[in-house]
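Reproduced below: work21.cif, with mmCIF, C-alpha atoms.
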```cif
data_structure
#
loop_
_atom_site.group_PDB
_atom_site.id
_atom_site.type_symbol
_atom_site.label_atom_id
_atom_site.label_comp_id
_atom_site.auth_asym_id
_atom_site.auth_seq_id
_atom_site.Cartn_x
_atom_site.Cartn_y
_atom_site.Cartn_z
ATOM 1 C CA MET A 38 0.000 0.000 0.000
ATOM 2 C CA VAL A 39 1.359 3.441 -0.951
ATOM 3 C CA HIS A 40 0.690 6.192 1.573
ATOM 4 C CA GLU A 41 0.380 9.738 0.292
ATOM 5 C CA LYS A 42 2.813 12.037 2.026
ATOM 6 C CA ARG A 43 0.996 15.146 3.243
ATOM 7 C CA THR A 44 2.517 18.441 4.274
ATOM 8 C CA PRO A 45 0.839 21.323 6.075
ATOM 9 C CA GLU A 46 -0.077 24.440 4.145
ATOM 10 C CA ILE A 47 0.950 26.533 7.144
ATOM 11 C CA PRO A 48 4.607 27.748 7.151
ATOM 12 C CA ALA A 49 6.947 25.395 9.031
ATOM 13 C CA GLU A 50 7.976 28.034 11.568
ATOM 14 C CA GLU A 51 4.321 28.674 12.386
ATOM 15 C CA VAL A 52 3.655 24.954 12.810
ATOM 16 C CA THR A 53 6.531 24.911 15.297
ATOM 17 C CA ARG A 54 5.232 27.980 17.114
ATOM 18 C CA VAL A 55 1.710 26.685 17.634
ATOM 19 C CA LYS A 56 3.096 23.287 18.660
ATOM 20 C CA SER A 57 4.776 25.048 21.582
ATOM 21 C CA LEU A 58 1.282 26.293 22.514
ATOM 22 C CA GLY A 59 -0.047 22.733 22.544
ATOM 23 C CA PHE A 60 -1.479 22.546 19.005
ATOM 24 C CA LEU A 61 -0.146 19.663 16.934
ATOM 25 C CA TRP A 62 -0.737 19.477 13.191
ATOM 26 C CA ASP A 63 -3.328 16.881 12.168
ATOM 27 C CA LYS A 64 -1.545 14.929 9.435
ATOM 28 C CA ASN A 65 -4.856 14.132 7.713
ATOM 29 C CA THR A 66 -5.488 17.792 6.931
ATOM 30 C CA PRO A 67 -3.688 20.671 5.234
ATOM 31 C CA ASN A 68 -4.295 23.268 7.949
ATOM 32 C CA CYS A 69 -5.962 21.758 11.040
ATOM 33 C CA PHE A 70 -4.485 21.072 14.462
ATOM 34 C CA ASN A 71 -5.315 19.126 17.623
ATOM 35 C CA GLY A 72 -5.155 21.216 20.793
ATOM 36 C CA ARG A 73 -4.058 19.778 24.137
ATOM 37 C CA VAL A 74 -5.897 21.071 27.207
ATOM 38 C CA ILE A 75 -3.880 20.682 30.413
ATOM 39 C CA THR A 76 -5.697 19.105 33.376
ATOM 40 C CA ARG A 77 -3.082 19.894 36.090
ATOM 41 C CA ASN A 78 -3.551 16.579 37.883
ATOM 42 C CA GLY A 79 -5.773 14.452 35.657
ATOM 43 C CA LYS A 80 -8.959 16.009 37.026
ATOM 44 C CA LEU A 81 -11.435 18.539 35.614
ATOM 45 C CA THR A 82 -14.515 20.108 37.174
ATOM 46 C CA ALA A 83 -17.918 19.811 35.513
ATOM 47 C CA LYS A 84 -17.655 23.455 34.370
ATOM 48 C CA GLU A 85 -14.191 22.852 32.916
ATOM 49 C CA LEU A 86 -15.406 19.754 31.081
ATOM 50 C CA ALA A 87 -18.306 21.774 29.707
ATOM 51 C CA ALA A 88 -15.856 24.436 28.511
ATOM 52 C CA VAL A 89 -13.720 21.812 26.750
ATOM 53 C CA ALA A 90 -16.837 20.381 25.092
ATOM 54 C CA GLU A 91 -17.967 23.844 23.980
ATOM 55 C CA ALA A 92 -14.468 24.583 22.645
ATOM 56 C CA ALA A 93 -14.619 21.376 20.610
ATOM 57 C CA ASP A 94 -17.964 22.435 19.123
ATOM 58 C CA ARG A 95 -17.014 26.066 18.472
ATOM 59 C CA PHE A 96 -13.418 25.705 17.304
ATOM 60 C CA GLY A 97 -12.943 22.037 16.334
ATOM 61 C CA ASP A 98 -15.039 19.230 14.897
ATOM 62 C CA GLY A 99 -16.881 18.425 18.121
ATOM 63 C CA GLN A 100 -14.573 15.587 19.160
ATOM 64 C CA VAL A 101 -12.278 15.289 22.192
ATOM 65 C CA THR A 102 -9.704 12.557 22.752
ATOM 66 C CA LEU A 103 -7.922 11.684 25.995
ATOM 67 C CA THR A 104 -4.157 11.342 25.759
ATOM 68 C CA ALA A 105 -2.008 8.852 27.623
ATOM 69 C CA ARG A 106 -0.742 11.693 29.822
ATOM 70 C CA MET A 107 -4.108 12.862 31.127
ATOM 71 C CA THR A 108 -4.721 15.754 28.753
ATOM 72 C CA ALA A 109 -7.904 16.387 26.776
ATOM 73 C CA GLU A 110 -7.185 16.950 23.087
ATOM 74 C CA VAL A 111 -9.700 18.913 21.005
ATOM 75 C CA GLN A 112 -9.637 17.596 17.441
ATOM 76 C CA HIS A 113 -9.531 19.188 13.993
ATOM 77 C CA ILE A 114 -9.042 22.864 14.844
ATOM 78 C CA PRO A 115 -8.497 25.107 11.785
ATOM 79 C CA TYR A 116 -5.372 27.256 12.073
ATOM 80 C CA ASP A 117 -7.412 30.479 12.265
ATOM 81 C CA ASN A 118 -9.311 29.113 15.308
ATOM 82 C CA ILE A 119 -6.229 28.512 17.460
ATOM 83 C CA GLU A 120 -5.916 31.954 19.045
ATOM 84 C CA PRO A 121 -9.689 32.330 19.651
ATOM 85 C CA MET A 122 -9.756 28.890 21.315
ATOM 86 C CA ILE A 123 -6.843 29.785 23.602
ATOM 87 C CA ALA A 124 -8.654 32.969 24.675
ATOM 88 C CA PHE A 125 -11.923 31.085 25.245
ATOM 89 C CA LEU A 126 -10.254 28.436 27.428
ATOM 90 C CA LEU A 127 -8.383 31.066 29.454
ATOM 91 C CA GLU A 128 -11.735 32.568 30.449
ATOM 92 C CA ALA A 129 -12.655 29.122 31.832
ATOM 93 C CA GLY A 130 -9.360 28.875 33.763
ATOM 94 C CA LEU A 131 -7.871 26.357 31.340
ATOM 95 C CA GLU A 132 -4.739 26.418 29.227
ATOM 96 C CA THR A 133 -3.206 24.498 26.358
ATOM 97 C CA GLY A 134 0.386 23.261 26.070
ATOM 98 C CA GLY A 135 2.365 20.193 27.039
ATOM 99 C CA THR A 136 5.085 20.008 24.408
ATOM 100 C CA GLY A 137 8.776 20.876 24.081
ATOM 101 C CA ALA A 138 12.068 20.289 25.913
ATOM 102 C CA LYS A 139 10.748 21.314 29.297
ATOM 103 C CA VAL A 140 8.816 19.939 32.263
ATOM 104 C CA ARG A 141 5.733 18.232 30.833
ATOM 105 C CA PRO A 142 2.236 18.093 32.392
ATOM 106 C CA VAL A 143 2.110 15.939 35.512
ATOM 107 C CA VAL A 144 0.323 12.582 35.383
ATOM 108 C CA SER A 145 -1.510 11.431 38.504
ATOM 109 C CA CYS A 146 -3.566 8.405 39.429
ATOM 110 C CA LYS A 147 -6.752 8.850 41.474
ATOM 111 C CA GLY A 148 -5.032 7.774 44.691
ATOM 112 C CA THR A 149 -6.804 10.517 46.630
ATOM 113 C CA THR A 150 -10.095 8.637 46.288
ATOM 114 C CA CYS A 151 -8.896 5.092 45.495
ATOM 115 C CA GLN A 152 -9.225 2.423 48.184
ATOM 116 C CA TYR A 153 -5.539 1.582 47.749
ATOM 117 C CA GLY A 154 -4.287 5.188 47.668
ATOM 118 C CA LEU A 155 -1.768 6.020 50.369
ATOM 119 C CA ILE A 156 -1.280 9.736 49.607
ATOM 120 C CA ASP A 157 -3.295 12.676 48.311
ATOM 121 C CA THR A 158 -2.173 12.351 44.690
ATOM 122 C CA PHE A 159 -4.397 15.141 43.351
ATOM 123 C CA ALA A 160 -2.982 17.707 45.780
ATOM 124 C CA LEU A 161 0.649 16.689 45.276
ATOM 125 C CA ALA A 162 0.303 16.572 41.485
ATOM 126 C CA GLU A 163 -1.271 20.024 41.403
ATOM 127 C CA GLU A 164 1.495 21.404 43.621
ATOM 128 C CA ILE A 165 4.102 19.940 41.253
ATOM 129 C CA HIS A 166 2.148 21.336 38.288
ATOM 130 C CA GLU A 167 2.090 24.861 39.718
ATOM 131 C CA LYS A 168 5.735 24.914 40.765
ATOM 132 C CA PHE A 169 7.417 23.104 37.887
ATOM 133 C CA TYR A 170 5.121 22.909 34.847
ATOM 134 C CA LYS A 171 3.985 26.524 35.209
ATOM 135 C CA GLY A 172 6.767 27.993 37.334
ATOM 136 C CA TRP A 173 9.522 26.527 35.141
ATOM 137 C CA HIS A 174 7.625 26.875 31.862
ATOM 138 C CA ASP A 175 10.267 29.084 30.257
ATOM 139 C CA VAL A 176 13.203 26.948 31.454
ATOM 140 C CA LYS A 177 14.646 25.014 28.527
ATOM 141 C CA LEU A 178 15.972 21.549 29.386
ATOM 142 C CA PRO A 179 18.141 19.128 27.388
ATOM 143 C CA HIS A 180 14.985 17.141 26.600
ATOM 144 C CA LYS A 181 11.437 16.700 27.876
ATOM 145 C CA PHE A 182 11.034 15.849 31.560
ATOM 146 C CA LYS A 183 8.009 13.753 32.559
ATOM 147 C CA ILE A 184 6.707 13.411 36.119
ATOM 148 C CA ALA A 185 4.112 10.949 37.450
ATOM 149 C CA VAL A 186 2.489 10.648 40.879
ATOM 150 C CA GLY A 187 1.198 7.248 41.975
ATOM 151 C CA GLY A 188 -0.856 6.670 45.095
ATOM 152 C CA CYS A 189 0.427 3.172 45.860
ATOM 153 C CA PRO A 190 2.743 0.413 44.601
ATOM 154 C CA ASN A 191 0.053 -0.808 42.174
ATOM 155 C CA ASN A 192 1.827 1.653 39.843
ATOM 156 C CA CYS A 193 -1.220 2.435 37.705
ATOM 157 C CA VAL A 194 0.462 5.504 36.149
ATOM 158 C CA LYS A 195 3.859 3.768 35.851
ATOM 159 C CA PRO A 196 5.893 6.249 37.951
ATOM 160 C CA ASP A 197 9.078 4.227 37.401
ATOM 161 C CA LEU A 198 8.737 4.682 33.624
ATOM 162 C CA ASN A 199 8.863 8.480 33.899
ATOM 163 C CA ASP A 200 11.887 10.727 34.200
ATOM 164 C CA LEU A 201 10.802 11.158 37.815
ATOM 165 C CA GLY A 202 8.087 9.262 39.619
ATOM 166 C CA VAL A 203 6.581 9.494 43.104
ATOM 167 C CA ILE A 204 4.839 6.562 44.802
ATOM 168 C CA GLY A 205 2.948 6.626 48.105
ATOM 169 C CA GLN A 206 4.354 4.386 50.839
ATOM 170 C CA ARG A 207 3.350 2.939 54.201
ATOM 171 C CA VAL A 208 6.270 1.213 55.849
ATOM 172 C CA PRO A 209 5.017 -1.235 58.512
ATOM 173 C CA VAL A 210 6.528 -1.203 61.993
ATOM 174 C CA ILE A 211 6.504 -4.632 63.659
ATOM 175 C CA ASN A 212 6.009 -4.948 67.422
ATOM 176 C CA LEU A 213 7.751 -8.289 67.969
ATOM 177 C CA ASP A 214 6.636 -8.377 71.615
ATOM 178 C CA LYS A 215 3.060 -8.852 70.394
ATOM 179 C CA CYS A 216 3.897 -11.376 67.685
ATOM 180 C CA ARG A 217 2.971 -14.936 68.686
ATOM 181 C CA GLY A 218 4.392 -16.672 65.642
ATOM 182 C CA CYS A 219 1.022 -18.103 64.619
ATOM 183 C CA LYS A 220 0.998 -21.178 62.413
ATOM 184 C CA VAL A 221 -1.299 -19.324 60.030
ATOM 185 C CA CYS A 222 0.102 -15.798 60.139
ATOM 186 C CA GLN A 223 -2.461 -13.197 59.079
ATOM 187 C CA ILE A 224 0.296 -10.771 58.112
ATOM 188 C CA GLN A 225 1.751 -13.342 55.758
ATOM 189 C CA LYS A 226 -1.680 -14.367 54.494
ATOM 190 C CA ASN A 227 -2.735 -10.812 53.605
ATOM 191 C CA CYS A 228 0.447 -9.744 51.834
ATOM 192 C CA PRO A 229 -0.275 -9.601 48.076
ATOM 193 C CA ILE A 230 3.368 -10.321 47.172
ATOM 194 C CA GLY A 231 4.168 -12.905 49.877
ATOM 195 C CA VAL A 232 7.028 -11.078 51.601
ATOM 196 C CA PRO A 233 6.407 -11.710 55.365
ATOM 197 C CA MET A 234 7.893 -14.920 56.767
ATOM 198 C CA VAL A 235 7.564 -16.498 60.210
ATOM 199 C CA THR A 236 11.069 -17.376 61.364
ATOM 200 C CA ASN A 237 11.995 -18.634 64.847
ATOM 201 C CA GLY A 238 8.509 -17.860 66.086
ATOM 202 C CA LYS A 239 8.408 -14.261 64.868
ATOM 203 C CA VAL A 240 7.157 -12.602 61.706
ATOM 204 C CA ILE A 241 9.877 -10.951 59.645
ATOM 205 C CA ILE A 242 9.418 -8.554 56.714
ATOM 206 C CA ASP A 243 12.362 -8.113 54.347
ATOM 207 C CA ASP A 244 12.453 -4.366 53.742
ATOM 208 C CA GLU A 245 14.328 -4.835 50.438
ATOM 209 C CA LYS A 246 11.468 -6.948 49.061
ATOM 210 C CA CYS A 247 8.534 -5.164 50.706
ATOM 211 C CA ASN A 248 6.874 -2.617 48.412
ATOM 212 C CA HIS A 249 5.306 -0.792 51.385
ATOM 213 C CA CYS A 250 1.727 -1.046 50.170
ATOM 214 C CA GLY A 251 0.377 -1.092 53.737
ATOM 215 C CA ARG A 252 -2.034 -3.963 53.113
ATOM 216 C CA CYS A 253 -0.705 -5.842 56.167
ATOM 217 C CA LEU A 254 -1.549 -3.089 58.630
ATOM 218 C CA GLY A 255 -4.123 -4.047 61.230
ATOM 219 C CA LYS A 256 -4.378 -7.641 60.013
ATOM 220 C CA CYS A 257 -2.739 -9.252 63.021
ATOM 221 C CA PRO A 258 -5.354 -10.161 65.681
ATOM 222 C CA PHE A 259 -2.707 -9.576 68.346
ATOM 223 C CA GLN A 260 -1.839 -6.113 66.959
ATOM 224 C CA ALA A 261 1.737 -6.945 66.024
ATOM 225 C CA ILE A 262 1.527 -4.491 63.091
ATOM 226 C CA GLN A 263 -0.540 -1.419 63.861
ATOM 227 C CA GLU A 264 1.930 1.396 63.303
ATOM 228 C CA TYR A 265 3.674 2.547 60.147
ATOM 229 C CA THR A 266 5.774 5.324 58.664
ATOM 230 C CA GLN A 267 3.943 7.354 56.021
ATOM 231 C CA GLY A 268 6.049 8.477 53.107
ATOM 232 C CA TYR A 269 6.961 8.691 49.440
ATOM 233 C CA ARG A 270 9.372 6.712 47.281
ATOM 234 C CA VAL A 271 10.985 8.671 44.453
ATOM 235 C CA TYR A 272 12.151 7.012 41.223
ATOM 236 C CA ILE A 273 14.480 8.685 38.740
ATOM 237 C CA GLY A 274 15.565 7.885 35.203
ATOM 238 C CA GLY A 275 12.582 6.025 33.802
ATOM 239 C CA ARG A 276 11.420 6.374 30.205
ATOM 240 C CA TRP A 277 8.943 4.768 27.848
ATOM 241 C CA GLY A 278 8.932 4.898 24.073
ATOM 242 C CA LYS A 279 11.378 3.942 21.334
ATOM 243 C CA GLN A 280 13.919 3.258 24.064
ATOM 244 C CA ILE A 281 12.873 1.949 27.461
ATOM 245 C CA ALA A 282 14.532 2.402 30.834
ATOM 246 C CA ARG A 283 13.107 1.495 34.206
ATOM 247 C CA GLY A 284 13.705 4.101 36.878
ATOM 248 C CA ARG A 285 15.572 3.340 40.088
ATOM 249 C CA PHE A 286 14.408 4.539 43.475
ATOM 250 C CA LEU A 287 16.413 6.829 45.700
ATOM 251 C CA HIS A 288 17.449 5.149 48.945
ATOM 252 C CA LYS A 289 15.542 7.493 51.185
ATOM 253 C CA LEU A 290 11.956 7.481 52.405
ATOM 254 C CA PHE A 291 10.652 11.007 51.917
ATOM 255 C CA THR A 292 8.162 11.863 54.635
ATOM 256 C CA SER A 293 6.600 15.162 53.517
ATOM 257 C CA ASN A 294 5.403 16.987 50.427
ATOM 258 C CA GLU A 295 8.100 19.569 51.081
ATOM 259 C CA GLU A 296 10.848 16.952 50.855
ATOM 260 C CA VAL A 297 9.375 15.608 47.610
ATOM 261 C CA ILE A 298 9.157 19.078 46.052
ATOM 262 C CA GLU A 299 12.741 19.778 47.106
ATOM 263 C CA VAL A 300 14.146 16.602 45.531
ATOM 264 C CA ILE A 301 12.173 17.209 42.323
ATOM 265 C CA GLU A 302 13.668 20.684 42.081
ATOM 266 C CA LYS A 303 17.148 19.253 42.635
ATOM 267 C CA ALA A 304 16.580 16.613 39.945
ATOM 268 C CA ILE A 305 15.352 19.100 37.329
ATOM 269 C CA THR A 306 18.190 21.493 38.175
ATOM 270 C CA LEU A 307 20.736 18.683 37.857
ATOM 271 C CA PHE A 308 19.285 17.721 34.476
ATOM 272 C CA LYS A 309 19.322 21.362 33.309
ATOM 273 C CA ASP A 310 22.914 21.954 34.424
ATOM 274 C CA GLN A 311 24.537 18.590 33.714
ATOM 275 C CA GLY A 312 22.393 17.086 30.959
ATOM 276 C CA GLN A 313 23.522 17.259 27.351
ATOM 277 C CA THR A 314 21.262 18.596 24.616
ATOM 278 C CA GLY A 315 19.100 15.815 23.170
ATOM 279 C CA GLU A 316 19.606 13.264 25.954
ATOM 280 C CA ARG A 317 16.876 12.103 28.334
ATOM 281 C CA PHE A 318 17.335 12.152 32.086
ATOM 282 C CA SER A 319 17.946 8.385 32.042
ATOM 283 C CA ASP A 320 20.870 8.923 29.646
ATOM 284 C CA ALA A 321 22.320 11.647 31.864
ATOM 285 C CA ILE A 322 22.053 9.405 34.933
ATOM 286 C CA GLU A 323 23.781 6.547 33.135
ATOM 287 C CA ARG A 324 26.556 8.875 31.957
ATOM 288 C CA ILE A 325 27.067 10.566 35.342
ATOM 289 C CA GLY A 326 26.454 7.419 37.398
ATOM 290 C CA PHE A 327 23.423 6.633 39.563
ATOM 291 C CA LYS A 328 25.359 6.778 42.840
ATOM 292 C CA GLU A 329 26.744 10.219 42.026
ATOM 293 C CA VAL A 330 23.304 11.504 40.999
ATOM 294 C CA GLU A 331 21.736 10.063 44.170
ATOM 295 C CA LYS A 332 24.470 11.676 46.252
ATOM 296 C CA GLN A 333 23.742 15.059 44.727
ATOM 297 C CA LEU A 334 19.993 14.699 45.234
ATOM 298 C CA ILE A 335 19.764 13.469 48.818
ATOM 299 C CA HIS A 336 23.071 14.172 50.582
#
```
Represent the supplied structure as structure tokens.
Amino acid sequence: MVHEKRTPEIPAEEVTRVKSLGFLWDKNTPNCFNGRVITRNGKLTAKELAAVAEAADRFGDGQVTLTARMTAEVQHIPYDNIEPMIAFLLEAGLETGGTGAKVRPVVSCKGTTCQYGLIDTFALAEEIHEKFYKGWHDVKLPHKFKIAVGGCPNNCVKPDLNDLGVIGQRVPVINLDKCRGCKVCQIQKNCPIGVPMVTNGKVIIDDEKCNHCGRCLGKCPFQAIQEYTQGYRVYIGGRWGKQIARGRFLHKLFTSNEEVIEVIEKAITLFKDQGQTGERFSDAIERIGFKEVEKQLIH
């Protein structure tokens, strides 16, 4: 099958300019674009959704697609409708964007309301959005920088496949004085990945294998595991696409939003200052060395 090669009728420099505003040329047309509406944390209000729908009717072809990174993309927008659509969305408190060698829109799971969520993902993602997506919008990086916030180790938004990922954690604290070494250990029985083991009459949890999902908390009838440390695990150097790299977690349990924001700022700054043009954060980490990068971020 021979595919016809299409080119936009709009000048190349203008195609590049509007792409930086979040409008990507629709290859099936000579002069139409698809506009990405940023959701901040994967959530829109009813009024915002209504505004996106109205924008699709007024400026596009009435269709909206959802991207893999939690943006709403209005389809088939004629070039002359781009500026009017931007102005219309601004009145509704919405903006377009999400492209270029800079911090990209934050992806968040619904951990705030999910039964397995261990942190307020919506709040953290919006804080990251305001500080880094908007606050660093004019900061050019060696390449794009993607951030994901996951509420628990179920990893629904694949935090370890982003340049930087945050995952909610609950690290169990065992009270061995209350452990009776039961033949059928409820801690062991309720662990979804089978980490706890009863050894010499006491339950033991290997911290290197435990993913800190918190599902064991309160399961012991003798209250051997009631307490925990609430925190965040931060992964760096993940990527997904033509080349794949799985991120590695920093060997520190972050215990506050402030600590997470601080380490994100350090990571982006390191990438800006030490990254080479055209390389992803994973490439920079491999070139510099994970231990050296970790040292700079947390020590």
**Message:** Let me make sure I understand: among A:Val203, A:Cys253, A:Ile273, A:Leu103, which one has the smallest atom-to-atom distance to A:Lys226 if we use all atoms listed in the file?
**Reply:**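 Residue with the minimum atom-to-atom distance to A:Lys226: A:Cys253.
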**Request:** May I have the residues within 12 Å of A:Glu128 as a PyMOL selection string, using all atoms listed in the file and disregarding those fewer than 4 positions away in the same chain?
**Result:** chain A and resi 84-85+88-89+92+121-124+132
Translate the PyMOL selection byres ((chain A and resi 66) around 10), as applied to the file shown, into an explicit residue set as a PDB file with C-alpha atoms, in the coordinates of the input.
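Just written: selection12.pdb:
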```pdb
ATOM      1  CA  ARG A  43       0.996  15.146   3.243  1.00  0.00           C
ATOM      2  CA  THR A  44       2.517  18.441   4.274  1.00  0.00           C
ATOM      3  CA  PRO A  45       0.839  21.323   6.075  1.00  0.00           C
ATOM      4  CA  GLU A  46      -0.077  24.440   4.145  1.00  0.00           C
ATOM      5  CA  TRP A  62      -0.737  19.477  13.191  1.00  0.00           C
ATOM      6  CA  ASP A  63      -3.328  16.881  12.168  1.00  0.00           C
ATOM      7  CA  LYS A  64      -1.545  14.929   9.435  1.00  0.00           C
ATOM      8  CA  ASN A  65      -4.856  14.132   7.713  1.00  0.00           C
ATOM      9  CA  PRO A  67      -3.688  20.671   5.234  1.00  0.00           C
ATOM     10  CA  ASN A  68      -4.295  23.268   7.949  1.00  0.00           C
ATOM     11  CA  CYS A  69      -5.962  21.758  11.040  1.00  0.00           C
ATOM     12  CA  PHE A  70      -4.485  21.072  14.462  1.00  0.00           C
ATOM     13  CA  HIS A 113      -9.531  19.188  13.993  1.00  0.00           C
ATOM     14  CA  PRO A 115      -8.497  25.107  11.785  1.00  0.00           C
TER      15      PRO A 115
END
```
**Message:** Here's the selection I'm unsure about, the PyMOL selection byres ((chain A and resi 149) around 12); applied to the file above, which residues does it give, as number ranges by chain?
**Reply:** A: 78-80, 145-148, 150-162, 186-189, 205
Write the residues of the preceding selection, restricted to C-alpha atoms, as a PDB file, keeping the file's coordinate frame.
```pdb
ATOM      1  CA  ASN A  78      -3.551  16.579  37.883  1.00  0.00           C
ATOM      2  CA  GLY A  79      -5.773  14.452  35.657  1.00  0.00           C
ATOM      3  CA  LYS A  80      -8.959  16.009  37.026  1.00  0.00           C
ATOM      4  CA  SER A 145      -1.510  11.431  38.504  1.00  0.00           C
ATOM      5  CA  CYS A 146      -3.566   8.405  39.429  1.00  0.00           C
ATOM      6  CA  LYS A 147      -6.752   8.850  41.474  1.00  0.00           C
ATOM      7  CA  GLY A 148      -5.032   7.774  44.691  1.00  0.00           C
ATOM      8  CA  THR A 150     -10.095   8.637  46.288  1.00  0.00           C
ATOM      9  CA  CYS A 151      -8.896   5.092  45.495  1.00  0.00           C
ATOM     10  CA  GLN A 152      -9.225   2.423  48.184  1.00  0.00           C
ATOM     11  CA  TYR A 153      -5.539   1.582  47.749  1.00  0.00           C
ATOM     12  CA  GLY A 154      -4.287   5.188  47.668  1.00  0.00           C
ATOM     13  CA  LEU A 155      -1.768   6.020  50.369  1.00  0.00           C
ATOM     14  CA  ILE A 156      -1.280   9.736  49.607  1.00  0.00           C
ATOM     15  CA  ASP A 157      -3.295  12.676  48.311  1.00  0.00           C
ATOM     16  CA  THR A 158      -2.173  12.351  44.690  1.00  0.00           C
ATOM     17  CA  PHE A 159      -4.397  15.141  43.351  1.00  0.00           C
ATOM     18  CA  ALA A 160      -2.982  17.707  45.780  1.00  0.00           C
ATOM     19  CA  LEU A 161       0.649  16.689  45.276  1.00  0.00           C
ATOM     20  CA  ALA A 162       0.303  16.572  41.485  1.00  0.00           C
ATOM     21  CA  VAL A 186       2.489  10.648  40.879  1.00  0.00           C
ATOM     22  CA  GLY A 187       1.198   7.248  41.975  1.00  0.00           C
ATOM     23  CA  GLY A 188      -0.856   6.670  45.095  1.00  0.00           C
ATOM     24  CA  CYS A 189       0.427   3.172  45.860  1.00  0.00           C
ATOM     25  CA  GLY A 205       2.948   6.626  48.105  1.00  0.00           C
TER      26      GLY A 205
END
```
**Request:** Apply the PyMOL selection byres ((chain A and resi 57) around 10) to the structure shown and report the selected residues as number ranges by chain.
**Result:** A: 51-56, 58-61, 133-138
**Request:** Would you list the contacts of A:Cys219 as a ChimeraX atom specification, taking every protein, DNA or RNA residue within 9 Å and counting all atoms listed in the file, but skipping same-chain residues closer than 4 positions in sequence?
**Result:** /A:223,235,238-240
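Nearest residue to A:Phe125 among A:Arg207, A:Arg106, A:His249, A:Arg95 is A:Arg95, counting all atoms listed in the file.
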**Asked** Hey, which of A:Gln311, A:Asn294, A:Gln206, A:Asn118 ends up closest to A:Asn192? Count all atoms listed in the file.
**Response**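 Looking only at the distances to A:Asn192, the closest residue turns out to be A:Gln206.
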**Item:** Of the listed residues A:Asp94, A:Glu50, A:Glu164, A:Asp197, that which approaches A:Trp277 most closely, counting all atoms listed in the file
**Value:** A:Asp197
**Message:** Show me, as a count of residues only, the residues that have an atom within 7 Å of A:Val143 when counting all atoms listed in the file, minus same-chain residues fewer than 6 positions from it.
**Reply:** 7
**Complete:** Min atom-atom distance to A:Glu295 from the set A:Ile325, A:Ala49, A:Cys193, A:Ile165, counting all atoms listed in the file, belongs to A:Ile165
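One finds atom CA of A:Val144 at 20.0 Å from atom CA of A:Gln280.
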**Request:** Find the residues near stretch 330-334 of chain A: any atom within 9 Å, counting all atoms listed in the file, skip ones fewer than 6 places away on the same chain, and give them as a ChimeraX atom specification.
**Result:** /A:287-288,300-301,303-304,307,322
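Ranking A:Arg276, A:Arg317, A:Arg141, A:Lys328 by their shortest atom-to-atom distance to A:Met107, with only C-alpha atoms included, puts A:Arg141 first.
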**Prompt:** Neighbours of A:Gln100 within 7 Å (only C-alpha atoms; same-chain residues fewer than 2 positions away dropped), as a ChimeraX atom specification?
**Reply:** /A:93,98,102,111-112
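What separates atom CA of A:Ile114 from atom CA of A:Gly72 is a distance of 7.3 Å.
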